[in-house]
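Asker: Just passing along the structure, written as structure tokens.
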Amino acid sequence: MVTIQLFGMTKMLAGNQGTLSLALHDGRRVKDLVSVIDAAYPKIGELLQKKKVLVSVNQEIAHEDLEVNDGDEVALLPPFAGGSHRSTR
Amino acid sequence: MSLEQVTKADQPATDDEAMLVRVQREDFSIDEELRRVRRRSKRIGGIAMFLGTARDRSKGKDVDGITFEHYEGMAQKKLREIRERAIKDFGVIEVLVLHRYGEITIGENIVLIIAAAEHRAEAFRACQWAIDEMKQITPIWKLEHTPEGEVWVEEHP
């Protein structure tokens, strides 16, 4: 299971939950995580696809091919208060 | 304030680098933060400051109050990076970066950047860069309370 921290509008879109616990069966990369979220929470999935919401792993914005390991700190980051996201690196 | 009190407040225990980068719920004193920066070096000759406050209008709509949410840990990490890069890239002597979270009343302080340098030009440049960078890379979110309801703010030109 991977625990994902939610903030701002993503928390609201997940029914005001602060965290999500998801099981990754088919692959452990960030893009696999995005697929699982998309299936469970299509509205968040759409924002992830559009890169309006970014995934961070261990407090850094993560590339979609990055592998998520047990114990990693994962979060969904909606657009920051001050401006649009710069890049997904 | 007596001379003794000033001396006590100058003790390094409360003036380490951690105090120069903070995300906190409570308001801050600009005088106190300026003193904190000035104590860092006698070579400081120019200080530029940016203070962000809560306004009652956003994109043409009334705002009654603001709530800031932050990602504990990552927010501090990004603010530390901003301080370190500002010092390294702009040749300034010290930079202080503070941001509040929680509920903020209209008119209250939200964010403070202080850049101190030998001369004003570097101080101005570092200060402007730091606030622009903060808005780009720091995981802090703004919920505006309006008469029509609450809105998570996405972008701010």
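Within each chain, counting starts at residue 1; across the structure tokens, chains are named A, B, ... in the order shown, with ligands numbered 1 upward in that order.
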Taking only C-alpha atoms into account and nothing else, which residues of chain B lie no more than 9 Å away from chain A? Please answer as an mmCIF file with N, CA and C atoms, in the first residue's frame.

Answerer:
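Saved as out-v8.cif:
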data_model
loop_
_atom_site.group_PDB
_atom_site.id
_atom_site.type_symbol
_atom_site.label_atom_id
_atom_site.label_comp_id
_atom_site.auth_asym_id
_atom_site.auth_seq_id
_atom_site.Cartn_x
_atom_site.Cartn_y
_atom_site.Cartn_z
ATOM 1 N N PHE B 68 -4.431 29.644 4.582
ATOM 2 C CA PHE B 68 -3.297 29.043 3.884
ATOM 3 C C PHE B 68 -3.044 27.654 4.439
ATOM 4 N N GLU B 69 -2.836 26.745 3.501
ATOM 5 C CA GLU B 69 -2.462 25.370 3.865
ATOM 6 C C GLU B 69 -1.064 25.134 3.303
ATOM 7 N N HIS B 70 -0.240 24.393 4.008
ATOM 8 C CA HIS B 70 1.098 24.111 3.481
ATOM 9 C C HIS B 70 1.430 22.643 3.663
ATOM 10 N N TYR B 71 2.390 22.203 2.895
ATOM 11 C CA TYR B 71 2.890 20.826 2.994
ATOM 12 C C TYR B 71 4.066 20.871 3.968
ATOM 13 N N GLY B 73 7.152 20.255 5.944
ATOM 14 C CA GLY B 73 8.382 19.560 5.547
ATOM 15 C C GLY B 73 8.839 20.031 4.184
ATOM 16 N N MET B 74 8.003 19.802 3.161
ATOM 17 C CA MET B 74 8.409 20.236 1.816
ATOM 18 C C MET B 74 8.406 21.763 1.710
ATOM 19 N N ALA B 75 7.427 22.405 2.332
ATOM 20 C CA ALA B 75 7.381 23.876 2.266
ATOM 21 C C ALA B 75 8.659 24.463 2.876
ATOM 22 N N LYS B 77 11.494 22.981 3.247
ATOM 23 C CA LYS B 77 12.631 22.596 2.414
ATOM 24 C C LYS B 77 12.795 23.562 1.240
ATOM 25 N N ASP B 132 9.343 35.919 -6.013
ATOM 26 C CA ASP B 132 8.846 35.290 -7.245
ATOM 27 C C ASP B 132 9.064 33.780 -7.199
ATOM 28 N N MET B 134 9.454 31.922 -4.565
ATOM 29 C CA MET B 134 8.606 31.326 -3.524
ATOM 30 C C MET B 134 7.230 30.983 -4.088
ATOM 31 N N LYS B 135 6.689 31.907 -4.854
ATOM 32 C CA LYS B 135 5.349 31.689 -5.406
ATOM 33 C C LYS B 135 5.327 30.546 -6.420
ATOM 34 N N GLN B 136 6.470 30.281 -7.038
ATOM 35 C CA GLN B 136 6.530 29.217 -8.040
ATOM 36 C C GLN B 136 6.725 27.827 -7.441
ATOM 37 N N ILE B 137 7.579 27.732 -6.432
ATOM 38 C CA ILE B 137 8.025 26.386 -6.034
ATOM 39 C C ILE B 137 7.592 25.932 -4.642
ATOM 40 N N THR B 138 6.952 26.804 -3.875
ATOM 41 C CA THR B 138 6.641 26.422 -2.493
ATOM 42 C C THR B 138 5.232 25.835 -2.378
ATOM 43 N N PRO B 139 5.110 24.628 -1.839
ATOM 44 C CA PRO B 139 3.782 24.019 -1.724
ATOM 45 C C PRO B 139 2.951 24.646 -0.600
ATOM 46 N N ILE B 140 2.358 25.779 -0.965
ATOM 47 C CA ILE B 140 1.454 26.491 -0.058
ATOM 48 C C ILE B 140 0.216 26.825 -0.876
ATOM 49 N N TRP B 141 -0.940 26.583 -0.294
ATOM 50 C CA TRP B 141 -2.196 26.790 -1.023
ATOM 51 C C TRP B 141 -3.073 27.797 -0.302
ATOM 52 N N LYS B 142 -3.813 28.550 -1.130
ATOM 53 C CA LYS B 142 -4.621 29.648 -0.586
ATOM 54 C C LYS B 142 -6.101 29.384 -0.822
ATOM 55 N N LEU B 143 -6.860 29.399 0.250
ATOM 56 C CA LEU B 143 -8.312 29.263 0.168
ATOM 57 C C LEU B 143 -8.915 30.623 0.492
ATOM 58 N N VAL B 151 -13.010 29.350 -2.261
ATOM 59 C CA VAL B 151 -12.353 29.031 -3.533
ATOM 60 C C VAL B 151 -10.868 28.782 -3.319
ATOM 61 N N TRP B 152 -10.384 27.636 -3.797
ATOM 62 C CA TRP B 152 -8.930 27.404 -3.791
ATOM 63 C C TRP B 152 -8.327 28.190 -4.940
ATOM 64 N N VAL B 153 -7.393 29.030 -4.629
ATOM 65 C CA VAL B 153 -6.812 29.895 -5.645
ATOM 66 C C VAL B 153 -5.772 29.111 -6.439
ATOM 67 N N GLU B 154 -5.917 29.174 -7.764
ATOM 68 C CA GLU B 154 -5.017 28.412 -8.612
ATOM 69 C C GLU B 154 -3.815 29.198 -9.072
ATOM 70 N N GLU B 155 -4.083 30.372 -9.554
ATOM 71 C CA GLU B 155 -2.964 31.118 -10.124
ATOM 72 C C GLU B 155 -3.057 32.568 -9.742
ATOM 73 N N HIS B 156 -1.887 33.171 -9.734
ATOM 74 C CA HIS B 156 -1.803 34.563 -9.365
ATOM 75 C C HIS B 156 -0.776 35.213 -10.269
ATOM 76 N N PRO B 157 -1.217 36.070 -11.191
ATOM 77 C CA PRO B 157 -0.270 36.615 -12.170
ATOM 78 C C PRO B 157 0.830 37.460 -11.542
#

Asker: Given only C-alpha atoms as the basis, pick out the residue of B:Val23, B:Ile114, B:Ile30, B:Ile66 nearest to Arg83 (chain B).

Answerer: B:Ile114

Asker: Using only C-alpha atoms, which protein or nucleic acid residues come within 9 Å of Asn69 (chain A)? Drop anything in the same chain fewer than 2 positions from it, and give the result as a PyMOL selection string.

Answerer: chain A and resi 2+28-29+67+71-72

Asker: As a PyMOL selection string, which residues of chain B does DSSP assign to strand (DSSP E or B)?

Answerer: chain B and resi 21-24+46-53+57-58+61-62+65-70+94-100+102-105+109-117+140-146+149-152
